[in-house]
Each structure stands twice: as C-alpha cells, then as structure tokens.
file structure.cif (mmCIF, C-alpha atoms)
data_my_file
#
loop_
_atom_site.label_atom_id
_atom_site.label_comp_id
_atom_site.auth_asym_id
_atom_site.auth_seq_id
_atom_site.Cartn_x
_atom_site.Cartn_y
_atom_site.Cartn_z
CA ILE A 1 -9.34 8.07 -23.03
CA GLN A 2 -6.08 6.31 -23.94
CA ALA A 3 -6.98 3.06 -22.17
CA PHE A 4 -9.90 2.52 -24.58
CA PHE A 5 -7.28 1.99 -27.30
CA GLY A 6 -4.82 -0.75 -26.40
CA ASP A 7 -2.01 0.53 -28.61
CA TYR A 8 -2.02 3.85 -26.78
CA ALA A 9 -2.81 2.73 -23.23
CA LEU A 10 0.74 3.26 -21.97
CA VAL A 11 1.74 6.42 -23.85
CA LEU A 12 3.69 9.13 -22.01
CA ASN A 13 3.20 7.73 -18.50
CA THR A 14 2.60 4.00 -18.16
CA ALA A 15 0.85 4.38 -14.79
CA ALA A 16 -1.65 6.89 -16.21
CA TRP A 17 -3.71 4.22 -17.98
CA SER A 18 -5.70 3.87 -14.77
CA ILE A 19 -6.87 7.48 -15.05
CA SER A 20 -8.98 6.47 -18.06
CA VAL A 21 -10.53 3.70 -15.99
CA GLU A 22 -11.20 6.02 -13.04
CA MET A 23 -12.63 8.83 -15.17
CA THR A 24 -14.99 6.39 -16.89
CA PHE A 25 -16.32 5.36 -13.49
CA TYR A 26 -16.58 8.96 -12.25
CA VAL A 27 -18.65 9.90 -15.31
CA LEU A 28 -20.99 6.96 -14.71
CA PHE A 29 -21.06 7.31 -10.91
CA PRO A 30 -24.16 9.56 -10.61
CA LEU A 31 -26.19 7.10 -12.70
CA LEU A 32 -24.80 4.09 -10.84
CA LEU A 33 -25.52 5.73 -7.49
CA TYR A 34 -29.10 6.42 -8.56
CA ILE A 35 -29.56 2.79 -9.63
CA GLN A 36 -28.04 1.53 -6.40
CA GLY A 37 -30.29 3.74 -4.31
CA ARG A 38 -33.42 2.82 -6.26
CA TRP A 39 -32.81 -0.88 -6.87
CA ALA A 40 -30.17 -2.01 -4.36
CA ARG A 41 -30.70 -5.76 -4.78
CA LEU A 42 -30.63 -5.49 -8.56
CA PHE A 43 -27.43 -3.46 -8.33
CA ILE A 44 -25.77 -6.06 -6.10
CA ALA A 45 -26.82 -8.89 -8.41
CA GLY A 46 -25.66 -6.98 -11.49
CA SER A 47 -22.28 -6.29 -9.88
CA ALA A 48 -21.85 -9.98 -9.06
CA ILE A 49 -22.80 -11.01 -12.61
CA LEU A 50 -20.42 -8.48 -14.16
CA TYR A 51 -17.64 -9.75 -11.86
CA LEU A 52 -18.21 -13.36 -12.95
CA VAL A 53 -18.55 -12.54 -16.67
CA THR A 54 -15.42 -10.40 -16.66
CA HIS A 55 -13.28 -13.12 -15.10
CA ILE A 56 -14.71 -15.89 -17.24
CA ILE A 57 -13.88 -13.87 -20.36
CA PHE A 58 -10.42 -13.07 -19.06
CA PHE A 59 -9.71 -16.68 -18.12
CA VAL A 60 -10.93 -18.07 -21.46
CA LYS A 61 -9.11 -15.42 -23.46
CA PHE A 62 -5.78 -15.69 -21.67
CA LYS A 63 -5.49 -19.36 -20.77
CA ASP A 64 -3.08 -19.52 -23.72
CA ASN A 65 0.15 -17.61 -23.07
CA SER A 66 0.51 -16.58 -26.71
CA ALA A 67 -2.90 -14.90 -26.57
CA LEU A 68 -1.77 -13.19 -23.39
CA VAL A 69 1.10 -11.51 -25.21
CA GLN A 70 -0.91 -10.55 -28.29
CA ASN A 71 -4.07 -9.16 -26.70
CA TRP A 72 -3.02 -8.01 -23.23
CA ASN A 73 -3.03 -4.25 -23.92
CA HIS A 74 -6.39 -4.36 -25.67
CA MET A 75 -8.15 -6.11 -22.78
CA PHE A 76 -6.29 -5.57 -19.54
CA TYR A 77 -6.19 -1.77 -19.77
CA HIS A 78 -9.72 -1.34 -21.12
CA PRO A 79 -12.03 0.41 -18.61
CA VAL A 80 -14.82 -2.13 -19.13
CA MET A 81 -12.59 -4.90 -17.75
CA HIS A 82 -12.23 -3.00 -14.47
CA MET A 83 -15.73 -1.62 -14.01
CA HIS A 84 -16.78 -4.49 -11.73
CA GLN A 85 -14.12 -3.47 -9.22
CA PHE A 86 -15.74 -0.08 -8.75
CA LEU A 87 -19.19 -1.65 -8.50
CA ILE A 88 -17.94 -4.04 -5.83
CA GLY A 89 -16.59 -1.03 -3.97
CA MET A 90 -20.02 0.60 -4.13
CA VAL A 91 -21.59 -2.63 -2.85
CA GLY A 92 -19.13 -2.58 0.04
CA GLY A 93 -20.08 1.02 0.80
CA TYR A 94 -23.75 0.07 0.77
CA PHE A 95 -23.23 -2.79 3.23
CA PHE A 96 -21.01 -0.61 5.41
CA THR A 97 -23.77 1.97 5.85
CA LYS A 98 -26.20 -0.81 6.74
CA MET A 99 -23.95 -2.77 9.08
CA LYS A 100 -21.68 -0.28 10.85
CA ALA A 101 -24.13 0.07 13.75
CA ALA A 102 -23.70 -3.64 14.52
CA ARG A 103 -19.90 -3.57 14.66
CA SER A 104 -19.75 -5.54 17.92
CA ARG A 105 -21.34 -8.57 16.26
CA PHE A 106 -18.59 -9.15 13.73
CA ALA A 107 -16.25 -12.02 14.51
CA VAL A 108 -14.22 -11.78 11.29
CA LYS A 109 -11.34 -9.38 11.71
CA PRO A 110 -9.55 -7.45 8.96
CA ILE A 111 -6.24 -9.11 9.81
CA LEU A 112 -7.69 -12.54 8.96
CA ILE A 113 -9.01 -11.36 5.60
CA PHE A 114 -5.66 -9.69 4.90
CA ALA A 115 -3.88 -12.96 5.70
CA VAL A 116 -6.12 -14.78 3.22
CA ILE A 117 -5.33 -12.17 0.55
CA ILE A 118 -1.59 -12.54 1.10
CA ALA A 119 -1.85 -16.34 1.05
CA LEU A 120 -3.75 -16.27 -2.25
CA ILE A 121 -1.19 -13.94 -3.82
CA VAL A 122 1.74 -16.06 -2.66
CA LEU A 123 0.19 -19.45 -3.44
CA LYS A 124 -1.74 -18.35 -6.54
CA PRO A 125 -2.22 -21.08 -9.17
CA TRP A 126 -0.74 -20.06 -12.52
CA THR A 127 -4.14 -20.47 -14.20
CA LEU A 128 -5.66 -17.62 -12.17
CA HIS A 129 -5.24 -13.98 -13.13
CA PHE A 130 -5.50 -11.44 -10.33
CA GLU A 131 -4.76 -8.50 -12.63
CA VAL A 132 -8.38 -7.48 -13.24
CA GLY A 133 -9.61 -7.72 -9.67
CA LEU A 134 -10.20 -11.42 -9.11
CA ILE A 135 -9.75 -10.96 -5.36
CA SER A 136 -11.44 -7.55 -5.25
CA PRO A 137 -14.35 -8.96 -3.14
CA LEU A 138 -11.80 -9.88 -0.46
CA PHE A 139 -10.31 -6.39 -0.61
CA MET A 140 -13.82 -4.98 -0.30
CA LEU A 141 -14.44 -7.05 2.83
CA PHE A 142 -11.04 -6.11 4.23
CA ILE A 143 -11.68 -2.38 3.77
CA MET A 144 -15.27 -2.64 5.04
CA TYR A 145 -14.37 -4.52 8.23
CA LEU A 146 -11.41 -2.21 8.76
CA ALA A 147 -13.76 0.77 8.54
CA ILE A 148 -16.20 -0.90 10.93
CA ASP A 149 -13.52 -1.73 13.50
CA ASN A 150 -11.86 1.70 12.98
CA PRO A 151 -8.52 0.77 14.63
CA VAL A 152 -6.75 3.65 16.33
CA PHE A 153 -3.47 3.16 14.46
CA LEU A 154 -5.13 4.28 11.20
CA ASN A 155 -5.34 7.78 12.69
CA TRP A 156 -1.58 7.90 13.16
CA LYS A 157 -0.50 11.09 11.37
CA PRO A 158 2.38 9.57 9.35
CA LEU A 159 0.01 6.93 7.96
CA VAL A 160 -2.60 9.57 7.15
CA PHE A 161 0.04 11.67 5.40
CA PHE A 162 1.29 8.72 3.34
CA GLY A 163 -2.30 8.11 2.37
CA GLU A 164 -2.53 11.69 1.16
CA ILE A 165 0.58 11.42 -1.03
CA SER A 166 0.00 7.82 -2.14
CA TYR A 167 -1.55 8.72 -5.48
CA GLY A 168 1.38 11.02 -6.22
CA ILE A 169 3.74 8.11 -5.52
CA TYR A 170 1.76 5.95 -7.92
CA ILE A 171 1.38 8.41 -10.79
CA LEU A 172 4.94 9.81 -10.60
CA GLN A 173 6.79 6.48 -10.39
CA PHE A 174 7.40 6.17 -14.14
CA PRO A 175 8.51 9.78 -14.82
CA VAL A 176 10.87 9.75 -11.83
CA HIS A 177 12.33 6.37 -12.81
CA GLU A 178 12.86 7.44 -16.41
CA TYR A 179 14.51 10.68 -15.36
CA LEU A 180 16.89 8.95 -12.95
CA MET A 181 17.74 6.32 -15.57
CA GLY A 182 19.00 9.21 -17.68
CA VAL A 183 21.52 10.25 -15.02
CA PRO A 184 24.77 8.49 -16.07
CA TYR A 185 26.25 8.21 -12.59
CA LEU A 186 23.14 6.60 -11.11
CA ARG A 187 22.71 4.29 -14.09
CA TYR A 188 26.27 3.00 -14.40
CA HIS A 189 27.94 3.49 -11.00
CA VAL A 190 25.21 2.69 -8.48
CA SER A 191 24.13 -0.85 -7.65
CA GLU A 192 20.62 -1.93 -8.53
CA GLN A 193 19.64 -2.14 -4.87
CA ASN A 194 20.98 1.34 -4.05
CA PHE A 195 19.36 2.72 -7.19
CA PHE A 196 16.03 1.41 -5.94
CA PHE A 197 16.35 3.16 -2.57
CA VAL A 198 17.56 6.40 -4.16
CA SER A 199 14.65 6.27 -6.61
CA LEU A 200 12.19 5.55 -3.81
CA GLY A 201 13.43 8.48 -1.74
CA ILE A 202 13.27 10.90 -4.67
CA LEU A 203 9.84 9.55 -5.65
CA ILE A 204 8.45 10.18 -2.15
CA LEU A 205 10.00 13.67 -2.17
CA ALA A 206 8.43 14.39 -5.57
CA ALA A 207 5.05 13.18 -4.30
CA VAL A 208 5.33 15.46 -1.25
CA VAL A 209 6.18 18.47 -3.43
CA SER A 210 3.32 17.61 -5.79
CA TYR A 211 0.93 17.30 -2.85
CA TYR A 212 1.75 20.73 -1.42
CA LEU A 213 2.22 22.66 -4.66
CA ILE A 214 -0.44 21.06 -6.88
CA GLU A 215 -2.93 18.86 -5.05
CA MET A 216 -3.61 21.03 -1.98
CA PRO A 217 -4.02 24.33 -3.88
CA PHE A 218 -6.31 22.65 -6.40
CA ARG A 219 -8.33 21.02 -3.62
CA LYS A 220 -8.74 24.37 -1.86
CA LEU A 221 -9.82 25.96 -5.14
CA VAL A 222 -12.48 23.29 -5.75
CA THR A 223 -13.77 23.18 -2.16
CA GLY A 224 -13.78 26.99 -2.01
CA LYS A 225 -15.98 27.20 -5.09
CA LYS A 226 -18.26 24.52 -3.65
CA ARG A 227 -18.68 26.44 -0.38
CA LYS A 228 -19.51 29.63 -2.28
CA ALA A 229 -22.08 27.79 -4.38
CA VAL A 230 -23.68 26.28 -1.25
CA ALA A 231 -23.69 29.67 0.49
CA ALA A 232 -25.24 31.33 -2.55
CA ALA A 233 -27.93 28.66 -2.74
CA GLY A 234 -28.69 29.09 0.95
CA ALA A 235 -28.97 32.86 0.58
CA GLU A 236 -31.62 32.44 -2.11
#
call {"tool": "encode", "arguments": {"input": "structure.cif", "output": "structure tokens"}}
result
Amino acid sequence: IQAFFGDYALVLNTAAWSISVEMTFYVLFPLLLYIQGRWARLFIAGSAILYLVTHIIFFVKFKDNSALVQNWNHMFYHPVMHMHQFLIGMVGGYFFTKMKAARSRFAVKPILIFAVIIALIVLKPWTLHFEVGLISPLFMLFIMYLAIDNPVFLNWKPLVFFGEISYGIYILQFPVHEYLMGVPYLRYHVSEQNFFFVSLGILILAAVVSYYLIEMPFRKLVTGKKRKAVAAAGAE
C-alpha cells in the first residue's frame, strides 16, 4: 500500500511502487469485470471520462515546475492516477473479443501505431506529461492490433522467454544496481558505459534465476491448487 502515501512510495525498492497500483486494480478487477459485462457502453464511457479527468488534473497541477517537484510523489505514484490505464486495457480486451473475427478488414497495422508512439515520445511538447498514461490509448490499439494480426515472430522462443522474465528485470533493477554500486572495483575502476553493460548482464541473470527458482515453482503451486479445486468441484 506504499504508493497511497507519497512519502513512502519509493521505500526499499523504487520500482516496487507499481505493485501497489497493480494490486489495487487486481482487488477491483472482479467488480470492474462485472460492470463491463453488464454495462459495456457505460464502462467504455466511464473509462474515457476518467482518462480525460486524470490528465486534466495532472496538467493543471504540474504546469508549474515548482509544483512538479513538491507534489510529484503524492500524485504520480498514487494508484488512482493510474487506474484509467487498466480500464483502457480492459476496453481494448473487450474490443479485441468483438473484432478479432474480422482481422482481414483492418488496414491499420501495429507498426504504424508504434511509429506514431515513438514520434510522440521523441517530439513530445514540454507541456505534455506522458508519465501517467497519456498515450495509453495508442498502446492499447498497438497491442490490440498486434494480437489481431498475430505475427509469427512473436512466437519466437527467445522473445517469449524474455517476456517471461521481463517483470523480474523490472522489479530487480534497483536492488541489482544498488548492490553493484557497492562493489568498489565496479564503482571506481569501470567506465560508466561498461558498468551499464555489466549491470544489464547481471540483472538479466538475476531475473532468470528468479524466474526458475521463485516464479515457476510458485506458479505451479497456484495452478496445481486450482486444478485440484476444479477436479473436486467436478467430482461433486
């Protein structure tokens, strides 16, 4: 719950603030899924309104750089400021289930949307803040059209494997960096560029170890219990 309190959002592991955001969404997901299934149009409209309100508040609050410094932790890391991103993802999932059968009719390709995303990031006006998902609708379209097209290269095993360990790379980046910064030789006798590549290699290795020793056993434990519960329910 640390991200609900700006002063504590980055304690212990700076990257872990997002876990508070994700857990908030996971707790609300059953209710949100029910609302989406029962009132789809209302859900889509509500997601759009929340997106607009969030970014209007963020723009008004942080158009002054001094306010940006003073209030950043208390707003940027708060789960409420990121909830619209999850809702937009659910909207994308809804449209995907409705539109995937008509994949041959789509003229817009994921590569074009990706190019627009990159152009916006590179050419971004200083008055716009992308940090709370301003371009999340474009990412939603990119992912949705990518799923519809289902390009063969996405099934390439190295890419699939990197997808599996990607969260480990994200969540372990700060601990690995801090540990390596404490190694005198790496800190004082290795160039910044070489330090980056050494850190990256060790980070990927740590993510692989975490995946095999922590994530996979835990996943098997959870899925095993789920199968037993389903089997027990079927036996009754």
call {"tool": "closest_residue", "arguments": {"input": "structure.cif", "among": "A:Asn150, A:Asn13, A:Gln193, A:Ser136", "to": "Leu87 of chain A", "atoms": "all atoms listed in the file"}}
result
A:Ser136
call {"tool": "resolve_selection", "arguments": {"input": "structure.cif", "expression": "the PyMOL selection byres ((chain A and resi 114) around 12)", "output": "compact mmCIF listing (two decimals) with C-alpha atoms, keeping the file's coordinate frame"}}
result
# COMPACT_ATOMS: atom_id res chain seq x y z
CA VAL A 108 -14.22 -11.78 11.29
CA LYS A 109 -11.34 -9.38 11.71
CA PRO A 110 -9.55 -7.45 8.96
CA ILE A 111 -6.24 -9.11 9.81
CA LEU A 112 -7.69 -12.54 8.96
CA ILE A 113 -9.01 -11.36 5.60
CA ALA A 115 -3.88 -12.96 5.70
CA VAL A 116 -6.12 -14.78 3.22
CA ILE A 117 -5.33 -12.17 0.55
CA ILE A 118 -1.59 -12.54 1.10
CA ALA A 119 -1.85 -16.34 1.05
CA LEU A 120 -3.75 -16.27 -2.25
CA ILE A 121 -1.19 -13.94 -3.82
CA ILE A 135 -9.75 -10.96 -5.36
CA SER A 136 -11.44 -7.55 -5.25
CA PRO A 137 -14.35 -8.96 -3.14
CA LEU A 138 -11.80 -9.88 -0.46
CA PHE A 139 -10.31 -6.39 -0.61
CA MET A 140 -13.82 -4.98 -0.30
CA LEU A 141 -14.44 -7.05 2.83
CA PHE A 142 -11.04 -6.11 4.23
CA ILE A 143 -11.68 -2.38 3.77
CA MET A 144 -15.27 -2.64 5.04
CA TYR A 145 -14.37 -4.52 8.23
CA LEU A 146 -11.41 -2.21 8.76
call {"tool": "residues_around", "arguments": {"input": "structure.cif", "residues": "Tyr167 of chain A", "least_positions_apart": "6", "cutoff": "12 Å", "atoms": "all atoms listed in the file", "output": "PyMOL selection string"}}
result
chain A and resi 15-16+18-19+161+173+203-204+206-208+210-211+215
call {"tool": "atom_distance", "arguments": {"input": "structure.cif", "atom1": "atom CA of Tyr170 of chain A", "atom2": "atom CA of Val21 of chain A"}}
result
14.9 Å
call {"tool": "atom_distance", "arguments": {"input": "structure.cif", "atom1": "atom CA of Arg41 of chain A", "atom2": "atom CA of Thr54 of chain A"}}
result
19.9 Å
call {"tool": "resolve_selection", "arguments": {"input": "structure.cif", "expression": "the PyMOL selection byres ((chain A and resi 133) around 9)", "output": "ChimeraX atom specification"}}
result
/A:51,55,82,84-85,129-132,134-137
call {"tool": "atom_distance", "arguments": {"input": "structure.cif", "atom1": "atom CA of Gly201 of chain A", "atom2": "atom CA of Phe174 of chain A"}}
result
14.0 Å
call {"tool": "residues_around", "arguments": {"input": "structure.cif", "residues": "Leu33 of chain A", "least_positions_apart": "6", "cutoff": "12 Å", "atoms": "all atoms listed in the file", "output": "ChimeraX atom specification"}}
result
/A:25-27,39-40,43-44,86-87,89-91,93-94
call {"tool": "resolve_selection", "arguments": {"input": "structure.cif", "expression": "the PyMOL selection byres ((chain A and resi 199) around 10)", "output": "PyMOL selection string"}}
result
chain A and resi 173+176-177+179-181+186+193-198+200-205
call {"tool": "build_atoms", "arguments": {"input": "structure.cif", "residues": "segment 126-148 of chain A", "atoms": "N, CA and C atoms", "output": "mmCIF file, in the frame of the given file"}}
result
data_model
loop_
_atom_site.group_PDB
_atom_site.id
_atom_site.type_symbol
_atom_site.label_atom_id
_atom_site.label_comp_id
_atom_site.auth_asym_id
_atom_site.auth_seq_id
_atom_site.Cartn_x
_atom_site.Cartn_y
_atom_site.Cartn_z
ATOM 1 N N TRP A 126 -1.130 -20.809 -11.314
ATOM 2 C CA TRP A 126 -0.740 -20.060 -12.520
ATOM 3 C C TRP A 126 -1.925 -19.825 -13.446
ATOM 4 N N THR A 127 -2.981 -20.617 -13.309
ATOM 5 C CA THR A 127 -4.140 -20.470 -14.200
ATOM 6 C C THR A 127 -5.037 -19.306 -13.809
ATOM 7 N N LEU A 128 -4.826 -18.735 -12.617
ATOM 8 C CA LEU A 128 -5.660 -17.620 -12.170
ATOM 9 C C LEU A 128 -4.975 -16.298 -12.467
ATOM 10 N N HIS A 129 -5.769 -15.315 -12.857
ATOM 11 C CA HIS A 129 -5.240 -13.980 -13.130
ATOM 12 C C HIS A 129 -5.869 -12.999 -12.150
ATOM 13 N N PHE A 130 -5.023 -12.414 -11.315
ATOM 14 C CA PHE A 130 -5.500 -11.440 -10.330
ATOM 15 C C PHE A 130 -5.520 -10.019 -10.894
ATOM 16 N N GLU A 131 -5.028 -9.835 -12.113
ATOM 17 C CA GLU A 131 -4.760 -8.500 -12.630
ATOM 18 C C GLU A 131 -6.002 -7.648 -12.821
ATOM 19 N N VAL A 132 -7.156 -8.259 -13.033
ATOM 20 C CA VAL A 132 -8.380 -7.480 -13.240
ATOM 21 C C VAL A 132 -9.340 -7.631 -12.062
ATOM 22 N N GLY A 133 -8.789 -7.768 -10.870
ATOM 23 C CA GLY A 133 -9.610 -7.720 -9.670
ATOM 24 C C GLY A 133 -10.267 -9.017 -9.255
ATOM 25 N N LEU A 134 -9.618 -10.135 -9.493
ATOM 26 C CA LEU A 134 -10.200 -11.420 -9.110
ATOM 27 C C LEU A 134 -10.462 -11.491 -7.613
ATOM 28 N N ILE A 135 -9.560 -10.911 -6.815
ATOM 29 C CA ILE A 135 -9.750 -10.960 -5.360
ATOM 30 C C ILE A 135 -10.290 -9.634 -4.816
ATOM 31 N N SER A 136 -10.872 -8.827 -5.696
ATOM 32 C CA SER A 136 -11.440 -7.550 -5.250
ATOM 33 C C SER A 136 -12.549 -7.727 -4.192
ATOM 34 N N PRO A 137 -13.376 -8.795 -4.233
ATOM 35 C CA PRO A 137 -14.350 -8.960 -3.140
ATOM 36 C C PRO A 137 -13.688 -9.101 -1.771
ATOM 37 N N LEU A 138 -12.517 -9.760 -1.736
ATOM 38 C CA LEU A 138 -11.800 -9.880 -0.460
ATOM 39 C C LEU A 138 -11.272 -8.519 -0.010
ATOM 40 N N PHE A 139 -10.765 -7.733 -0.968
ATOM 41 C CA PHE A 139 -10.310 -6.390 -0.610
ATOM 42 C C PHE A 139 -11.477 -5.538 -0.118
ATOM 43 N N MET A 140 -12.632 -5.710 -0.733
ATOM 44 C CA MET A 140 -13.820 -4.980 -0.300
ATOM 45 C C MET A 140 -14.165 -5.326 1.138
ATOM 46 N N LEU A 141 -14.154 -6.633 1.463
ATOM 47 C CA LEU A 141 -14.440 -7.050 2.830
ATOM 48 C C LEU A 141 -13.391 -6.535 3.807
ATOM 49 N N PHE A 142 -12.124 -6.583 3.378
ATOM 50 C CA PHE A 142 -11.040 -6.110 4.230
ATOM 51 C C PHE A 142 -11.231 -4.628 4.574
ATOM 52 N N ILE A 143 -11.505 -3.816 3.557
ATOM 53 C CA ILE A 143 -11.680 -2.380 3.770
ATOM 54 C C ILE A 143 -12.946 -2.117 4.607
ATOM 55 N N MET A 144 -14.014 -2.858 4.323
ATOM 56 C CA MET A 144 -15.270 -2.640 5.040
ATOM 57 C C MET A 144 -15.125 -2.974 6.522
ATOM 58 N N TYR A 145 -14.537 -4.141 6.833
ATOM 59 C CA TYR A 145 -14.370 -4.520 8.230
ATOM 60 C C TYR A 145 -13.365 -3.609 8.932
ATOM 61 N N LEU A 146 -12.371 -3.142 8.177
ATOM 62 C CA LEU A 146 -11.410 -2.210 8.760
ATOM 63 C C LEU A 146 -12.106 -0.909 9.135
ATOM 64 N N ALA A 147 -13.000 -0.453 8.255
ATOM 65 C CA ALA A 147 -13.760 0.770 8.540
ATOM 66 C C ALA A 147 -14.700 0.572 9.717
ATOM 67 N N ILE A 148 -15.278 -0.613 9.817
ATOM 68 C CA ILE A 148 -16.200 -0.900 10.930
ATOM 69 C C ILE A 148 -15.449 -0.947 12.257
#
